[in-house]
file query_12.txt (compact mmCIF, N, CA, C and O atoms)
# COMPACT_ATOMS: atom_id res chain seq x y z
N MET A 1 60.26 21.96 44.25
CA MET A 1 59.49 23.07 43.77
C MET A 1 59.97 23.55 42.40
O MET A 1 59.17 23.96 41.59
N ALA A 2 61.24 23.47 42.18
CA ALA A 2 61.78 23.86 40.89
C ALA A 2 61.25 22.94 39.80
O ALA A 2 60.99 23.37 38.69
N GLU A 3 61.10 21.66 40.12
CA GLU A 3 60.58 20.71 39.14
C GLU A 3 59.14 21.02 38.78
O GLU A 3 58.73 20.87 37.64
N GLU A 4 58.34 21.43 39.75
CA GLU A 4 56.95 21.77 39.49
C GLU A 4 56.84 22.92 38.50
O GLU A 4 56.00 22.91 37.61
N LYS A 5 57.70 23.93 38.65
CA LYS A 5 57.67 25.06 37.73
C LYS A 5 58.05 24.63 36.33
O LYS A 5 57.47 25.08 35.36
N LYS A 6 59.05 23.74 36.20
CA LYS A 6 59.46 23.26 34.88
C LYS A 6 58.32 22.51 34.21
O LYS A 6 58.04 22.68 33.05
N VAL A 7 57.65 21.66 34.98
CA VAL A 7 56.54 20.89 34.44
C VAL A 7 55.41 21.83 34.03
O VAL A 7 54.82 21.69 32.98
N THR A 8 55.17 22.81 34.85
CA THR A 8 54.11 23.76 34.55
C THR A 8 54.42 24.54 33.28
O THR A 8 53.56 24.73 32.44
N LYS A 9 55.66 24.98 33.13
CA LYS A 9 56.03 25.72 31.93
C LYS A 9 55.94 24.83 30.69
O LYS A 9 55.48 25.24 29.64
N ALA A 10 56.37 23.59 30.82
CA ALA A 10 56.30 22.66 29.70
C ALA A 10 54.85 22.37 29.33
O ALA A 10 54.48 22.34 28.17
N ALA A 11 54.01 22.19 30.35
CA ALA A 11 52.60 21.93 30.10
C ALA A 11 51.95 23.14 29.46
O ALA A 11 51.13 23.01 28.55
N ALA A 12 52.33 24.32 29.91
CA ALA A 12 51.78 25.55 29.34
C ALA A 12 52.19 25.69 27.89
O ALA A 12 51.40 26.13 27.05
N ALA A 13 53.41 25.33 27.58
CA ALA A 13 53.89 25.42 26.19
C ALA A 13 53.12 24.47 25.29
O ALA A 13 52.80 24.79 24.16
N LYS A 14 52.81 23.29 25.79
CA LYS A 14 52.06 22.31 25.01
C LYS A 14 50.62 22.75 24.82
O LYS A 14 50.00 22.46 23.82
N LYS A 15 50.07 23.45 25.81
CA LYS A 15 48.67 23.88 25.73
C LYS A 15 48.52 25.20 24.99
O LYS A 15 47.41 25.69 24.84
N ALA A 16 49.61 25.79 24.54
CA ALA A 16 49.54 27.06 23.82
C ALA A 16 48.68 26.88 22.58
O ALA A 16 48.54 25.78 22.04
N ALA A 17 48.13 27.96 22.13
CA ALA A 17 47.25 27.92 20.96
C ALA A 17 47.99 27.29 19.78
O ALA A 17 49.17 27.58 19.56
N PRO A 18 47.30 26.44 19.04
CA PRO A 18 47.95 25.83 17.87
C PRO A 18 48.29 26.89 16.83
O PRO A 18 47.61 27.90 16.71
N LYS A 19 49.34 26.63 16.09
CA LYS A 19 49.74 27.56 15.05
C LYS A 19 48.70 27.55 13.94
O LYS A 19 48.22 26.50 13.53
N LYS A 20 48.39 28.73 13.47
CA LYS A 20 47.43 28.85 12.37
C LYS A 20 48.18 28.63 11.06
O LYS A 20 49.23 29.20 10.83
N THR A 21 47.61 27.80 10.24
CA THR A 21 48.20 27.58 8.93
C THR A 21 47.25 28.17 7.90
O THR A 21 46.04 28.04 8.00
N THR A 22 47.81 28.81 6.94
CA THR A 22 46.98 29.38 5.90
C THR A 22 46.87 28.39 4.76
O THR A 22 47.86 27.80 4.33
N ALA A 23 45.67 28.19 4.31
CA ALA A 23 45.46 27.28 3.20
C ALA A 23 45.92 27.96 1.91
O ALA A 23 45.52 29.08 1.62
N LYS A 24 46.76 27.28 1.18
CA LYS A 24 47.24 27.84 -0.08
C LYS A 24 46.20 27.59 -1.15
O LYS A 24 45.68 26.49 -1.28
N LYS A 25 45.90 28.63 -1.89
CA LYS A 25 44.95 28.50 -2.99
C LYS A 25 45.65 27.79 -4.14
O LYS A 25 46.76 28.15 -4.51
N ALA A 26 45.00 26.79 -4.67
CA ALA A 26 45.58 26.05 -5.78
C ALA A 26 45.71 26.97 -6.99
O ALA A 26 44.79 27.71 -7.33
N GLU A 27 46.87 26.93 -7.61
CA GLU A 27 47.11 27.77 -8.77
C GLU A 27 46.44 27.14 -9.99
O GLU A 27 46.53 25.94 -10.22
N LEU A 28 45.79 27.96 -10.77
CA LEU A 28 45.12 27.51 -11.97
C LEU A 28 46.14 27.42 -13.09
O LEU A 28 46.77 28.40 -13.46
N VAL A 29 46.31 26.22 -13.61
CA VAL A 29 47.27 26.00 -14.70
C VAL A 29 46.53 26.16 -16.02
O VAL A 29 45.52 25.51 -16.26
N ILE A 30 47.03 27.06 -16.84
CA ILE A 30 46.38 27.30 -18.13
C ILE A 30 47.31 26.81 -19.23
O ILE A 30 48.30 27.45 -19.56
N ASN A 31 46.97 25.65 -19.76
CA ASN A 31 47.64 25.11 -20.93
C ASN A 31 46.60 24.26 -21.68
O ASN A 31 45.52 23.99 -21.17
N ALA A 32 46.92 23.88 -22.89
CA ALA A 32 45.95 23.19 -23.74
C ALA A 32 45.45 21.89 -23.09
O ALA A 32 44.26 21.58 -23.16
N GLU A 33 46.34 21.16 -22.45
CA GLU A 33 45.95 19.89 -21.85
C GLU A 33 44.97 20.10 -20.70
O GLU A 33 43.91 19.46 -20.65
N ASN A 34 45.29 21.01 -19.80
CA ASN A 34 44.43 21.25 -18.64
C ASN A 34 43.08 21.82 -19.06
O ASN A 34 42.04 21.40 -18.56
N VAL A 35 43.08 22.78 -19.98
CA VAL A 35 41.83 23.37 -20.44
C VAL A 35 40.98 22.30 -21.14
O VAL A 35 39.76 22.26 -20.99
N GLY A 36 41.63 21.42 -21.88
CA GLY A 36 40.90 20.33 -22.54
C GLY A 36 40.24 19.40 -21.53
O GLY A 36 39.09 18.97 -21.72
N PHE A 37 40.93 19.09 -20.44
CA PHE A 37 40.35 18.25 -19.39
C PHE A 37 39.15 18.94 -18.75
O PHE A 37 38.13 18.31 -18.47
N LYS A 38 39.27 20.24 -18.49
CA LYS A 38 38.16 20.99 -17.88
C LYS A 38 36.98 21.05 -18.84
O LYS A 38 35.82 20.98 -18.42
N ALA A 39 37.26 21.15 -20.14
CA ALA A 39 36.18 21.13 -21.13
C ALA A 39 35.46 19.78 -21.08
O ALA A 39 34.22 19.72 -21.16
N GLY A 40 36.21 18.71 -20.91
CA GLY A 40 35.59 17.39 -20.77
C GLY A 40 34.74 17.29 -19.53
O GLY A 40 33.64 16.72 -19.55
N ASP A 41 35.22 17.87 -18.43
CA ASP A 41 34.44 17.87 -17.19
C ASP A 41 33.13 18.63 -17.36
O ASP A 41 32.06 18.17 -16.93
N VAL A 42 33.21 19.78 -18.01
CA VAL A 42 32.00 20.60 -18.25
C VAL A 42 31.03 19.84 -19.16
O VAL A 42 29.83 19.79 -18.90
N TYR A 43 31.57 19.25 -20.22
CA TYR A 43 30.71 18.52 -21.17
C TYR A 43 30.01 17.36 -20.48
O TYR A 43 28.81 17.14 -20.68
N GLN A 44 30.72 16.61 -19.66
CA GLN A 44 30.12 15.48 -18.94
C GLN A 44 29.03 15.96 -17.99
O GLN A 44 27.98 15.33 -17.87
N ALA A 45 29.28 17.07 -17.30
CA ALA A 45 28.28 17.61 -16.37
C ALA A 45 27.01 17.99 -17.11
O ALA A 45 25.90 17.71 -16.64
N LEU A 46 27.16 18.61 -18.28
CA LEU A 46 25.99 19.01 -19.05
C LEU A 46 25.28 17.82 -19.68
O LEU A 46 24.05 17.78 -19.71
N SER A 47 26.04 16.85 -20.15
CA SER A 47 25.40 15.71 -20.82
C SER A 47 24.65 14.82 -19.84
O SER A 47 23.62 14.25 -20.18
N THR A 48 25.11 14.73 -18.61
CA THR A 48 24.41 13.89 -17.62
C THR A 48 23.21 14.61 -17.03
O THR A 48 22.28 13.97 -16.55
N SER A 49 23.19 15.94 -17.10
CA SER A 49 22.06 16.68 -16.53
C SER A 49 20.89 16.76 -17.50
O SER A 49 19.75 16.88 -17.08
N GLU A 50 21.17 16.73 -18.79
CA GLU A 50 20.15 16.79 -19.84
C GLU A 50 19.30 18.05 -19.78
O GLU A 50 18.18 18.07 -20.26
N LYS A 51 19.83 19.11 -19.16
CA LYS A 51 19.15 20.40 -19.15
C LYS A 51 20.19 21.49 -19.01
O LYS A 51 21.36 21.22 -18.72
N ALA A 52 19.79 22.73 -19.24
CA ALA A 52 20.70 23.86 -19.11
C ALA A 52 21.05 24.08 -17.65
O ALA A 52 20.22 23.91 -16.76
N LEU A 53 22.32 24.43 -17.39
CA LEU A 53 22.80 24.66 -16.04
C LEU A 53 23.48 26.02 -15.94
O LEU A 53 24.01 26.52 -16.92
N THR A 54 23.50 26.58 -14.75
CA THR A 54 24.24 27.81 -14.49
C THR A 54 25.71 27.47 -14.30
O THR A 54 26.07 26.30 -14.12
N LEU A 55 26.53 28.48 -14.29
CA LEU A 55 27.96 28.28 -14.07
C LEU A 55 28.22 27.58 -12.75
O LEU A 55 28.99 26.62 -12.68
N ALA A 56 27.56 28.04 -11.70
CA ALA A 56 27.75 27.44 -10.37
C ALA A 56 27.31 25.97 -10.36
O ALA A 56 27.97 25.12 -9.75
N GLN A 57 26.22 25.68 -11.04
CA GLN A 57 25.74 24.29 -11.09
C GLN A 57 26.71 23.40 -11.85
O GLN A 57 26.96 22.26 -11.45
N ILE A 58 27.26 23.92 -12.93
CA ILE A 58 28.23 23.15 -13.71
C ILE A 58 29.47 22.86 -12.87
O ILE A 58 29.93 21.72 -12.82
N ALA A 59 29.99 23.88 -12.20
CA ALA A 59 31.19 23.70 -11.38
C ALA A 59 30.94 22.69 -10.27
O ALA A 59 31.79 21.82 -10.01
N LYS A 60 29.79 22.78 -9.64
CA LYS A 60 29.47 21.85 -8.54
C LYS A 60 29.33 20.43 -9.06
O LYS A 60 29.88 19.49 -8.48
N LYS A 61 28.62 20.27 -10.16
CA LYS A 61 28.39 18.93 -10.70
C LYS A 61 29.69 18.30 -11.22
O LYS A 61 29.90 17.11 -11.07
N ALA A 62 30.56 19.13 -11.81
CA ALA A 62 31.82 18.63 -12.35
C ALA A 62 32.91 18.54 -11.28
O ALA A 62 33.99 18.02 -11.54
N LYS A 63 32.63 19.08 -10.08
CA LYS A 63 33.59 19.08 -8.97
C LYS A 63 34.87 19.82 -9.34
O LYS A 63 35.98 19.35 -9.12
N ILE A 64 34.68 21.00 -9.95
CA ILE A 64 35.78 21.88 -10.30
C ILE A 64 35.43 23.30 -9.85
O ILE A 64 34.28 23.56 -9.48
N THR A 65 36.40 24.20 -9.88
CA THR A 65 36.12 25.57 -9.50
C THR A 65 35.39 26.30 -10.62
O THR A 65 35.38 25.83 -11.78
N THR A 66 34.81 27.45 -10.30
CA THR A 66 34.12 28.21 -11.33
C THR A 66 35.10 28.71 -12.39
O THR A 66 34.74 28.77 -13.57
N GLU A 67 36.33 29.03 -11.98
CA GLU A 67 37.33 29.47 -12.95
C GLU A 67 37.67 28.34 -13.93
O GLU A 67 37.80 28.57 -15.13
N GLU A 68 37.79 27.13 -13.41
CA GLU A 68 38.07 25.98 -14.28
C GLU A 68 36.88 25.71 -15.19
O GLU A 68 37.05 25.37 -16.37
N ALA A 69 35.67 25.88 -14.68
CA ALA A 69 34.48 25.70 -15.51
C ALA A 69 34.45 26.72 -16.63
O ALA A 69 34.10 26.39 -17.78
N LEU A 70 34.83 27.95 -16.34
CA LEU A 70 34.86 28.97 -17.38
C LEU A 70 35.88 28.64 -18.46
O LEU A 70 35.63 28.86 -19.65
N LEU A 71 37.04 28.11 -18.07
CA LEU A 71 38.03 27.70 -19.06
C LEU A 71 37.46 26.63 -19.98
O LEU A 71 37.58 26.72 -21.21
N GLY A 72 36.86 25.62 -19.39
CA GLY A 72 36.27 24.55 -20.19
C GLY A 72 35.13 25.03 -21.06
O GLY A 72 34.99 24.61 -22.22
N MET A 73 34.32 25.93 -20.53
CA MET A 73 33.20 26.47 -21.31
C MET A 73 33.71 27.27 -22.50
O MET A 73 33.13 27.21 -23.59
N GLY A 74 34.80 28.00 -22.30
CA GLY A 74 35.37 28.76 -23.42
C GLY A 74 35.79 27.85 -24.56
O GLY A 74 35.53 28.14 -25.73
N TRP A 75 36.42 26.76 -24.20
CA TRP A 75 36.84 25.77 -25.21
C TRP A 75 35.62 25.23 -25.96
O TRP A 75 35.61 25.18 -27.18
N LEU A 76 34.61 24.83 -25.20
CA LEU A 76 33.41 24.24 -25.81
C LEU A 76 32.61 25.24 -26.62
O LEU A 76 32.03 24.89 -27.65
N LEU A 77 32.56 26.49 -26.18
CA LEU A 77 31.87 27.54 -26.94
C LEU A 77 32.58 27.76 -28.27
O LEU A 77 31.93 27.92 -29.31
N LYS A 78 33.89 27.80 -28.25
CA LYS A 78 34.67 28.00 -29.47
C LYS A 78 34.43 26.88 -30.46
O LYS A 78 34.35 27.11 -31.67
N GLU A 79 34.26 25.65 -29.97
CA GLU A 79 34.01 24.50 -30.85
C GLU A 79 32.54 24.38 -31.24
O GLU A 79 32.19 23.51 -32.03
N GLY A 80 31.67 25.20 -30.65
CA GLY A 80 30.25 25.13 -30.98
C GLY A 80 29.52 23.97 -30.31
O GLY A 80 28.45 23.58 -30.74
N LYS A 81 30.09 23.41 -29.25
CA LYS A 81 29.50 22.26 -28.56
C LYS A 81 28.44 22.67 -27.55
O LYS A 81 27.57 21.88 -27.21
N ILE A 82 28.54 23.91 -27.04
CA ILE A 82 27.56 24.39 -26.05
C ILE A 82 27.05 25.76 -26.49
O ILE A 82 27.65 26.43 -27.32
N ALA A 83 25.91 26.14 -25.92
CA ALA A 83 25.32 27.44 -26.22
C ALA A 83 24.69 28.01 -24.97
O ALA A 83 24.28 27.26 -24.06
N GLY A 84 24.63 29.32 -24.90
CA GLY A 84 24.02 29.97 -23.75
C GLY A 84 22.56 30.30 -24.03
O GLY A 84 22.18 30.67 -25.12
N GLU A 85 21.75 30.15 -22.99
CA GLU A 85 20.33 30.51 -23.08
C GLU A 85 19.84 30.91 -21.69
O GLU A 85 19.95 30.16 -20.73
N ASP A 86 19.34 32.14 -21.56
CA ASP A 86 18.82 32.65 -20.29
C ASP A 86 19.80 32.50 -19.12
O ASP A 86 19.45 32.01 -18.05
N ASN A 87 21.05 32.93 -19.34
CA ASN A 87 22.11 32.83 -18.31
C ASN A 87 22.42 31.41 -17.88
O ASN A 87 22.90 31.17 -16.80
N LYS A 88 22.09 30.46 -18.73
CA LYS A 88 22.41 29.06 -18.47
C LYS A 88 23.10 28.51 -19.71
O LYS A 88 22.98 29.03 -20.81
N ILE A 89 23.84 27.43 -19.52
CA ILE A 89 24.58 26.80 -20.60
C ILE A 89 23.99 25.42 -20.86
O ILE A 89 23.68 24.67 -19.94
N ALA A 90 23.81 25.10 -22.15
CA ALA A 90 23.28 23.80 -22.54
C ALA A 90 24.10 23.27 -23.71
O ALA A 90 24.79 24.02 -24.39
N LEU A 91 24.00 21.99 -23.94
CA LEU A 91 24.66 21.40 -25.10
C LEU A 91 24.00 21.92 -26.36
O LEU A 91 22.77 22.10 -26.42
N ALA A 92 24.81 22.17 -27.37
CA ALA A 92 24.27 22.70 -28.64
C ALA A 92 23.78 21.58 -29.52
O ALA A 92 24.13 20.47 -29.43
call {"tool": "encode", "arguments": {"input": "query_12.txt", "output": "structure tokens"}}
result
Amino acid sequence: MAEEKKVTKAAAAKKAAPKKTTAKKAELVINAENVGFKAGDVYQALSTSEKALTLAQIAKKAKITTEEALLGMGWLLKEGKIAGEDNKIALA
């Protein structure tokens, strides 16, 4: 009978709720190299679409976050490569 209780306790411990893990949010690295890569991602997304896109559309098409898309867009806006029109961004 003592063995049954040990097995039961061990089985209960194994069946306990799994530990919750919190997903760590990836830290956004801001340096010239990373921003330049994000600018390239944004530019490629716009050039393949051949039309103006919203921020969310650019991020989705480039497979980057909206924050990363904004970094890249800032770089491209400064260089005069893109322009805004009706809350959308297009190649200049």
call {"tool": "residues_around", "arguments": {"input": "query_12.txt", "residues": "A:Ala39", "least_positions_apart": "4", "cutoff": "8 Å", "atoms": "only N, CA, C and O atoms", "output": "JSON, numbers by chain"}}
result
{"A": [32, 33, 34, 35, 43, 44, 45, 46, 68, 69, 70, 71, 72, 73, 74, 75, 76]}
call {"tool": "closest_residue", "arguments": {"input": "query_12.txt", "among": "A:Lys51, A:Ile89, A:Gly80, A:Val42", "to": "A:Thr65", "atoms": "only C-alpha atoms"}}
result
A:Val42
call {"tool": "atom_distance", "arguments": {"input": "query_12.txt", "atom1": "atom C of A:Asp41", "atom2": "atom CA of A:Ala62"}}
result
5.2 Å
call {"tool": "atom_distance", "arguments": {"input": "query_12.txt", "atom1": "atom CA of A:Glu27", "atom2": "atom N of A:Lys81"}}
result
27.0 Å
call {"tool": "atom_distance", "arguments": {"input": "query_12.txt", "atom1": "atom CA of A:Ala52", "atom2": "atom O of A:Asn31"}}
result
24.9 Å
call {"tool": "select_by_dssp", "arguments": {"input": "query_12.txt", "residues": "stretch 22-65 of chain A", "states": "helix (DSSP H, G or I)", "output": "number ranges by chain"}}
result
A: 32-49, 55-62
call {"tool": "closest_residue", "arguments": {"input": "query_12.txt", "among": "A:Gly84, A:Ala26, A:Ala92, A:Gly40", "to": "A:Thr54", "atoms": "only C-alpha atoms"}}
result
A:Gly84
